[in-house]
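Structure file entry.cif with mmCIF, C-alpha atoms and all ligand atoms:
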data_target
#
loop_
_atom_site.label_atom_id
_atom_site.label_comp_id
_atom_site.auth_asym_id
_atom_site.auth_seq_id
_atom_site.Cartn_x
_atom_site.Cartn_y
_atom_site.Cartn_z
CA MET A 12 -5.90 14.00 15.96
CA ALA A 13 -8.55 12.48 13.80
CA LYS A 14 -7.28 10.69 10.76
CA ARG A 15 -8.51 11.88 7.42
CA LYS A 16 -8.89 9.67 4.40
CA ALA A 17 -9.56 10.41 0.76
CA ILE A 18 -13.05 9.53 -0.43
CA VAL A 19 -14.07 9.39 -4.09
CA ASN A 20 -17.47 10.49 -5.30
CA VAL A 21 -17.62 7.54 -7.66
CA ARG A 22 -20.65 8.78 -9.55
CA ASP A 23 -18.77 11.72 -11.04
CA CYS A 24 -15.35 10.12 -11.34
CA VAL A 25 -14.18 10.06 -14.96
CA ALA A 26 -11.60 7.33 -14.33
CA CYS A 27 -8.77 9.36 -15.79
CA GLY A 28 -6.25 8.27 -13.21
CA CYS A 29 -4.65 11.66 -12.50
CA CYS A 30 -4.97 10.77 -8.83
CA ILE A 31 -2.99 7.53 -9.25
CA LYS A 32 0.00 9.43 -10.59
CA VAL A 33 0.31 11.79 -7.63
CA CYS A 34 -0.42 9.49 -4.72
CA PRO A 35 2.79 9.06 -2.70
CA ARG A 36 1.51 5.82 -1.20
CA ASP A 37 0.23 4.10 -4.35
CA ALA A 38 -3.09 3.84 -2.60
CA ILE A 39 -5.24 4.44 -5.66
CA THR A 40 -6.34 2.15 -8.47
CA VAL A 41 -9.01 2.40 -11.12
CA PRO A 42 -10.25 -1.18 -11.21
CA GLN A 43 -12.03 -2.11 -14.42
CA GLY A 44 -11.71 1.44 -15.72
CA ILE A 45 -14.91 2.60 -14.07
CA HIS A 46 -13.89 4.78 -11.14
CA ALA A 47 -11.03 5.35 -8.75
CA LYS A 48 -10.78 3.28 -5.60
CA ILE A 49 -8.73 4.25 -2.58
CA ASP A 50 -7.13 1.76 -0.27
CA GLU A 51 -7.93 3.11 3.18
CA GLU A 52 -5.13 1.15 4.73
CA LEU A 53 -2.54 2.88 2.57
CA CYS A 54 -4.03 6.38 2.39
CA ILE A 55 -2.39 8.90 4.70
CA GLY A 56 -4.80 11.70 3.89
CA CYS A 57 -2.21 13.97 2.32
CA GLY A 58 -4.76 15.40 -0.10
CA LYS A 59 -2.56 15.37 -3.18
CA CYS A 60 -5.10 13.37 -5.14
CA ALA A 61 -7.92 15.75 -4.24
CA LYS A 62 -5.88 18.71 -5.47
CA GLU A 63 -4.98 16.97 -8.72
CA CYS A 64 -8.35 15.47 -9.61
CA PRO A 65 -9.61 17.45 -12.64
CA ALA A 66 -13.20 16.60 -11.86
CA SER A 67 -12.70 17.54 -8.20
CA VAL A 68 -14.49 14.46 -6.96
CA ILE A 69 -12.15 13.54 -4.11
CA THR A 70 -12.71 14.88 -0.62
CA LEU A 71 -10.87 14.25 2.61
CA GLU A 72 -13.08 13.04 5.35
CA VAL A 73 -12.67 12.05 8.95
CA LEU A 74 -13.62 8.43 9.21
CA LYS A 75 -15.91 7.50 12.05
CA GLN A 76 -14.71 4.49 13.88
CA MET B 30 8.65 12.16 -4.30
CA ARG B 31 6.68 9.16 -5.27
CA GLN B 32 7.76 6.13 -7.22
CA LYS B 33 10.35 6.49 -9.95
CA LYS B 34 9.30 7.67 -13.38
CA LYS B 35 8.46 4.86 -15.75
CA TRP B 36 9.09 4.76 -19.46
CA TYR B 37 5.49 5.63 -20.17
CA ASP B 38 5.76 8.85 -18.18
CA PHE B 39 7.62 10.24 -21.17
CA LEU B 40 4.96 9.59 -23.78
CA TRP B 41 4.20 13.32 -23.77
CA ILE B 42 7.26 13.59 -26.00
CA PHE B 43 5.42 11.51 -28.58
CA SER B 44 2.35 13.76 -28.37
CA LEU B 45 4.42 16.90 -28.70
CA THR B 46 6.40 15.50 -31.63
CA TYR B 47 3.16 14.54 -33.30
CA LEU B 48 1.83 18.08 -33.12
CA ILE B 49 5.08 19.52 -34.43
CA LEU B 50 5.39 17.05 -37.31
CA GLY B 51 1.98 18.16 -38.53
CA PHE B 52 3.48 21.54 -39.28
CA PHE B 53 6.07 19.99 -41.57
CA ASN B 54 4.33 17.17 -43.32
CA ILE B 55 0.64 16.67 -42.87
CA LEU B 56 0.85 12.97 -43.72
CA PHE B 57 2.30 12.34 -40.26
CA ALA B 58 -1.21 13.01 -39.00
CA TRP B 59 -1.97 9.37 -39.79
CA LEU B 60 0.14 8.40 -36.78
CA GLY B 61 -2.59 9.89 -34.62
CA LEU B 62 -4.69 6.82 -35.30
CA LEU B 63 -2.55 5.17 -32.65
CA CYS B 64 -4.11 7.46 -30.04
CA PHE B 65 -7.45 6.23 -31.26
CA PHE B 66 -7.00 2.52 -31.57
CA ILE B 67 -4.70 1.83 -28.63
CA PRO B 68 -7.13 3.13 -25.96
CA LEU B 69 -10.03 1.37 -27.69
CA ILE B 70 -8.23 -1.95 -27.86
CA ILE B 71 -7.11 -1.66 -24.25
CA ALA B 72 -10.68 -0.89 -23.17
CA ILE B 73 -12.28 -3.63 -25.25
CA VAL B 74 -9.76 -6.39 -24.71
CA GLY B 75 -8.18 -5.37 -21.42
CA ARG B 76 -11.43 -4.02 -19.95
CA ASN B 77 -9.66 -1.16 -18.24
CA LYS B 78 -8.49 2.39 -18.71
CA ALA B 79 -4.78 1.73 -18.56
CA TYR B 80 -4.40 4.07 -21.50
CA CYS B 81 -5.76 7.06 -19.57
CA ASN B 82 -4.25 5.92 -16.31
CA LYS B 83 -0.76 5.38 -17.63
CA TYR B 84 0.06 5.91 -21.27
CA CYS B 85 -1.82 8.93 -22.57
CA GLY B 86 0.81 11.41 -23.69
CA ARG B 87 -1.56 14.26 -24.26
CA SER B 88 -2.70 14.39 -20.66
CA GLN B 89 0.93 14.21 -19.56
CA LEU B 90 1.56 17.27 -21.68
CA PHE B 91 -1.25 19.08 -19.88
CA SER B 92 -0.04 18.12 -16.44
CA LEU B 93 3.48 19.13 -17.38
CA VAL B 94 2.56 22.55 -18.77
CA GLY B 95 -0.26 23.21 -16.33
CA GLY B 96 1.32 21.58 -13.31
CA ARG B 97 5.07 21.83 -13.51
CA PHE B 98 5.11 25.09 -15.46
CA GLU B 99 2.16 26.44 -13.48
CA LEU B 100 0.24 27.56 -16.54
CA SER B 101 -3.07 26.86 -14.89
CA ARG B 102 -5.39 28.63 -12.47
CA LYS B 103 -5.97 25.23 -10.82
CA LYS B 104 -9.63 25.98 -10.22
CA ASP B 105 -12.44 23.44 -10.18
CA VAL B 106 -14.19 22.87 -13.48
CA PRO B 107 -17.78 24.15 -13.53
CA LYS B 108 -20.39 21.63 -12.52
CA TRP B 109 -22.01 21.36 -15.94
CA MET B 110 -18.71 20.37 -17.50
CA LYS B 111 -18.51 17.17 -15.51
CA SER B 112 -22.19 16.34 -15.88
CA LYS B 113 -23.10 13.26 -17.85
CA TYR B 114 -25.17 15.40 -20.23
CA PHE B 115 -22.21 17.47 -21.26
CA ARG B 116 -19.74 14.60 -21.38
CA TYR B 117 -21.98 12.33 -23.42
CA GLY B 118 -23.21 15.25 -25.49
CA PHE B 119 -19.67 16.26 -26.34
CA LEU B 120 -18.83 12.66 -27.21
CA ILE B 121 -21.73 12.52 -29.65
CA PHE B 122 -20.89 15.91 -31.15
CA PHE B 123 -17.26 14.94 -31.49
CA PHE B 124 -18.10 11.75 -33.32
CA ALA B 125 -20.65 13.44 -35.54
CA MET B 126 -17.91 15.82 -36.62
CA PHE B 127 -15.53 12.92 -37.00
CA PHE B 128 -17.85 11.10 -39.38
CA LEU B 129 -18.41 14.29 -41.31
CA MET B 130 -14.65 14.46 -41.72
CA LEU B 131 -14.58 10.84 -42.91
CA TRP B 132 -17.35 11.61 -45.38
CA ASN B 133 -15.35 14.53 -46.78
CA THR B 134 -12.36 12.26 -47.10
CA TYR B 135 -14.49 9.78 -48.99
CA LEU B 136 -15.69 12.47 -51.38
CA VAL B 137 -12.10 13.36 -52.16
CA PHE B 138 -11.26 9.68 -52.63
CA ALA B 139 -14.16 9.34 -54.99
CA GLY B 140 -13.03 12.39 -56.94
CA VAL B 141 -16.20 14.34 -56.21
CA LYS B 142 -14.37 17.01 -54.24
CA ASN B 143 -10.94 18.53 -54.57
CA LEU B 144 -8.35 18.28 -51.86
CA GLY B 145 -8.76 21.07 -49.33
CA MET B 146 -5.39 22.03 -47.91
CA ALA B 147 -6.63 23.46 -44.67
CA VAL B 148 -6.72 22.55 -41.03
CA THR B 149 -10.06 23.34 -39.45
CA LEU B 150 -9.76 24.58 -35.91
CA LEU B 151 -12.68 24.21 -33.51
CA TRP B 152 -14.80 22.90 -36.43
CA THR B 153 -15.06 26.46 -37.69
CA PHE B 154 -11.86 28.25 -38.53
CA LYS B 155 -10.09 27.14 -41.66
CA LEU B 156 -6.37 27.70 -41.34
CA PRO B 157 -4.30 27.57 -44.53
CA TRP B 158 -1.89 24.69 -44.15
CA HIS B 159 -0.52 24.15 -47.65
CA TRP B 160 3.10 24.46 -46.47
CA ALA B 161 2.82 21.06 -44.84
CA TYR B 162 1.69 19.41 -48.05
CA HIS B 163 4.34 17.89 -50.28
CA GLY B 164 2.33 15.54 -52.40
CA THR B 165 0.67 12.36 -51.30
CA LEU B 166 0.53 8.63 -51.91
CA PHE B 167 -2.10 6.73 -53.88
CA SER B 168 -4.86 9.30 -53.76
CA ASP B 169 -5.65 12.81 -52.64
CA GLY B 170 -7.97 11.21 -50.14
CA VAL B 171 -4.97 10.05 -48.15
CA ALA B 172 -3.93 13.67 -47.68
CA GLN B 173 -7.50 14.78 -47.06
CA PHE B 174 -7.79 12.35 -44.20
CA ALA B 175 -4.49 13.64 -42.82
CA PHE B 176 -5.73 17.23 -42.89
CA GLY B 177 -9.01 16.18 -41.31
CA PHE B 178 -7.47 14.04 -38.64
CA TYR B 179 -4.89 16.65 -37.76
CA SER B 180 -7.74 19.13 -37.41
CA VAL B 181 -9.37 16.86 -34.86
CA MET B 182 -6.12 16.46 -32.94
CA LEU B 183 -5.23 20.14 -33.00
CA THR B 184 -8.74 21.17 -32.01
CA SER B 185 -8.78 18.87 -29.02
CA THR B 186 -5.33 20.03 -28.00
CA VAL B 187 -6.35 23.68 -28.19
CA LEU B 188 -9.51 23.02 -26.18
CA GLY B 189 -7.41 21.07 -23.70
CA PHE B 190 -4.96 23.92 -23.31
CA ILE B 191 -7.78 26.43 -22.81
CA THR B 192 -9.36 24.39 -20.03
CA MET B 193 -5.92 23.65 -18.63
CA ILE B 194 -5.34 27.37 -18.17
CA LEU B 195 -8.84 28.11 -16.87
CA PHE B 196 -9.23 25.11 -14.59
CA LYS B 197 -7.04 22.24 -13.43
CA PRO B 198 -4.20 21.06 -15.69
CA ARG B 199 -5.90 17.89 -16.84
CA SER B 200 -9.42 19.34 -17.13
CA TRP B 201 -9.56 18.04 -20.69
CA CYS B 202 -9.81 14.54 -19.24
CA VAL B 203 -13.19 15.42 -17.76
CA TYR B 204 -14.78 15.76 -21.20
CA CYS B 205 -12.24 14.03 -23.45
CA PRO B 206 -14.29 11.92 -25.89
CA MET B 207 -11.75 9.10 -25.82
CA GLY B 208 -11.81 9.07 -22.03
CA THR B 209 -15.60 9.12 -21.89
CA MET B 210 -15.85 6.42 -24.51
CA THR B 211 -13.32 4.09 -22.90
CA GLN B 212 -15.06 4.53 -19.56
CA LEU B 213 -18.38 3.60 -21.17
CA ILE B 214 -16.81 0.59 -22.85
CA CYS B 215 -15.33 -0.50 -19.53
CA LYS B 216 -18.72 -0.14 -17.85
CA ALA B 217 -20.35 -2.25 -20.54
CA ARG B 218 -17.58 -4.83 -20.70
CA ASN B 219 -17.52 -5.27 -16.94
CA ALA B 220 -21.24 -4.98 -16.28
CA ALA B 221 -21.68 -8.69 -15.90
CA ARG B 222 -18.58 -9.17 -13.80
CA PRO B 223 -18.30 -8.68 -10.06
CA GLN B 224 -16.37 -5.68 -8.74
CA ASN B 225 -13.22 -6.72 -7.00
S1 LIG A 301 -8.41 12.01 -10.73
FE1 LIG A 301 -10.53 12.23 -10.04
S2 LIG A 301 -11.80 11.77 -11.84
FE2 LIG A 301 -9.72 11.03 -12.27
S3 LIG A 301 -9.76 8.86 -11.64
FE3 LIG A 301 -9.02 10.04 -9.87
S4 LIG A 301 -10.87 10.48 -8.70
FE4 LIG A 301 -11.56 9.86 -10.72
S1 LIG A 302 -4.89 11.50 0.26
FE1 LIG A 302 -2.74 11.20 -0.33
S2 LIG A 302 -2.27 9.11 0.35
FE2 LIG A 302 -4.51 9.30 0.35
S3 LIG A 302 -5.10 8.54 -1.64
FE3 LIG A 302 -4.90 10.76 -1.83
S4 LIG A 302 -2.81 11.08 -2.55
FE4 LIG A 302 -2.90 8.97 -1.79
S1 LIG A 303 -9.26 11.26 -20.74
FE1 LIG A 303 -8.40 11.67 -22.78
S2 LIG A 303 -6.70 13.07 -22.45
FE2 LIG A 303 -7.27 12.21 -20.47
S3 LIG A 303 -5.91 10.49 -20.18
FE3 LIG A 303 -7.76 9.68 -21.14
S4 LIG A 303 -7.42 9.75 -23.35
FE4 LIG A 303 -5.85 11.02 -22.36
#

Transcribe the structure of this file into structure tokens.
Amino acid sequence: MAKRKAIVNVRDCVACGCCIKVCPRDAITVPQGIHAKIDEELCIGCGKCAKECPASVITLEVLKQ
Amino acid sequence: MRQKKKWYDFLWIFSLTYLILGFFNILFAWLGLLCFFIPLIIAIVGRNKAYCNKYCGRSQLFSLVGGRFELSRKKDVPKWMKSKYFRYGFLIFFFAMFFLMLWNTYLVFAGVKNLGMAVTLLWTFKLPWHWAYHGTLFSDGVAQFAFGFYSVMLTSTVLGFITMILFKPRSWCVYCPMGTMTQLICKARNAARPQN
């Protein structure tokens, strides 16, 4: 099965941090308060952040190797 | 479940108490300045949005009522609402109204206008609020500011609850003037520094 990872559309991210609070793996940070950043190593593609994001700027995508 | 709740996950209690206190004594509205200066100081000095990301009690209230209590359709916000035009436009409008409120406060301070014991909702509807007024300190202007500031806080809470119900719980964060402003400050403050 292909692994899916969360990807942030950084242009529209409002840096609110809702995603940080729901991530079970603590994979998300908002460095410098500009936009969210997801640690691919930690992300398990559960999609919780995408559901929570009020701006709906997170998508789950299959990463090409 | 994820990591254990931290102390700051309970700051919604502060936000809720604040709103309730305003019904009893309007002078408590002054406390709301904390929700103004703390995020600004964090953004300017700390160069980050830790306030939004961790401490903001109002957004916790929205995620509690909209998320835990399911009072939300959990739909995507419309595209225009997250556009830069709307977000920056709303920020400008919000501050224009804010300065108008400060100007009114000044007029009362200066004795030009009489104290208006009303809370203005959505910049339009004047709600009688005299029951929460029990005299003031120093000058009527102190109370006028309290009425004005509470109007701002109540208006943003009402808007936040409306978009919470219509869209995702924390939809307010998409166009919250404080959030937009702190993000802009962070962009400016970090512009010259490398991303890590
Ligand atoms: S919840 Fe969405 S808008 Fe908010 S910081 Fe995360 S990705 Fe950005
Ligand atoms: S998909 Fe799940 S694990 Fe990955 S960043 Fe989002 S919440 Fe965290
Ligand atoms: S965007 Fe506004 S409501 Fe949302 S967390 Fe930041 S200050 Fe609070």

Exercise for the section: Return as an MDAnalysis selection string the residues of protein, DNA or RNA that approach ligand LIG 301 (chain A) to within 8 Å, with all atoms listed in the file taken into account. Expected result: (chainID A and resid 19:21 23:31 39 41 46:48 60:61 63:69) or (chainID B and resid 82 202:203)

Practice task
Could you pull out the residues sitting within 8 Å of ligand LIG 303 (chain A), using only C-alpha atoms and all ligand atoms, and write them as a PyMOL selection string?
Solution key: (chain A and resi 25-29) or (chain B and resi 64+68+78+80-89+199+201-209)

Practice task
In Å, rounded to a single decimal, give me how far atom CA of Lys14 of chain A is from atom CA of Val73 of chain A.
Solution key: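 Atom-to-atom, atom CA of Val73 of chain A to atom CA of Lys14 of chain A, that is 5.8 Å.
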
Practice task
Using only C-alpha atoms and all ligand atoms, find each residue with an atom at most 9 Å away from ligand LIG 302 (chain A) and format the answer as a VMD selection string.
Solution key: chain A and resid 15 to 18 30 to 39 48 to 51 53 to 63 69 to 71

Handout entry: Between atom CA of Thr184 of chain B and atom CA of Gln43 of chain A, distance in Å (one decimal)
Key =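 Taking atom CA of Thr184 of chain B and atom CA of Gln43 of chain A, their separation equals 29.4 Å.
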
Handout entry: Computed interatomic separation between atom CA of Ser185 of chain B and atom CA of Trp152 of chain B (Å)
Key = 10.4 Å

Exercise for the section: Pick out the residues sitting within 10 Å of segment 117-132 of chain B, and hand them over as a list in words; count all atoms listed in the file, and ignore anything fewer than 3 positions along from it in its own chain. Expected result: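 Skipping anything fewer than 3 positions along the chain leaves Met110, Lys111, Ser112, Lys113, Tyr114, Tyr135, Leu136, Val137, Phe138, Trp152, Gly170, Gln173, Phe174, Phe176, Gly177, Phe178, Ser180, Val181, Ser185, Tyr204, Cys205, Pro206, Met207, Gly208, Thr209, Met210 and Leu213 of chain B.
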
Practice task
Tell me which protein, DNA and RNA residues are within 10 Å of Asp169 of chain B, counting all atoms listed in the file, leaving out same-chain ones fewer than 6 positions away, and put them as an MDAnalysis selection string.
Solution key: chainID B and resid 134 137:140 142:145 175

Problem - Selected residue of minimal separation from Gly61 of chain B among B:Ala161, B:Cys215, B:Ala220, B:Leu48, counting only C-alpha atoms - result: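 Among B:Ala161, B:Cys215, B:Ala220, B:Leu48, it is B:Leu48 that comes nearest to Gly61 of chain B.
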
Practice task
Give the answer as one residue: which of B:Lys35, B:His163, B:Thr186, B:Ser92 has the shortest atom-to-atom distance to Phe57 of chain B, using all atoms listed in the file?
Solution key: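 Of all the options, B:His163 lies closest to Phe57 of chain B.
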
Handout entry: Closest of B:Trp36, B:Phe115, B:Trp59, B:Phe196 to chain A - atom-to-atom distances counting only C-alpha atoms
Key =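 Going through B:Trp36, B:Phe115, B:Trp59, B:Phe196 one by one, the smallest distance to chain A is for B:Phe196.
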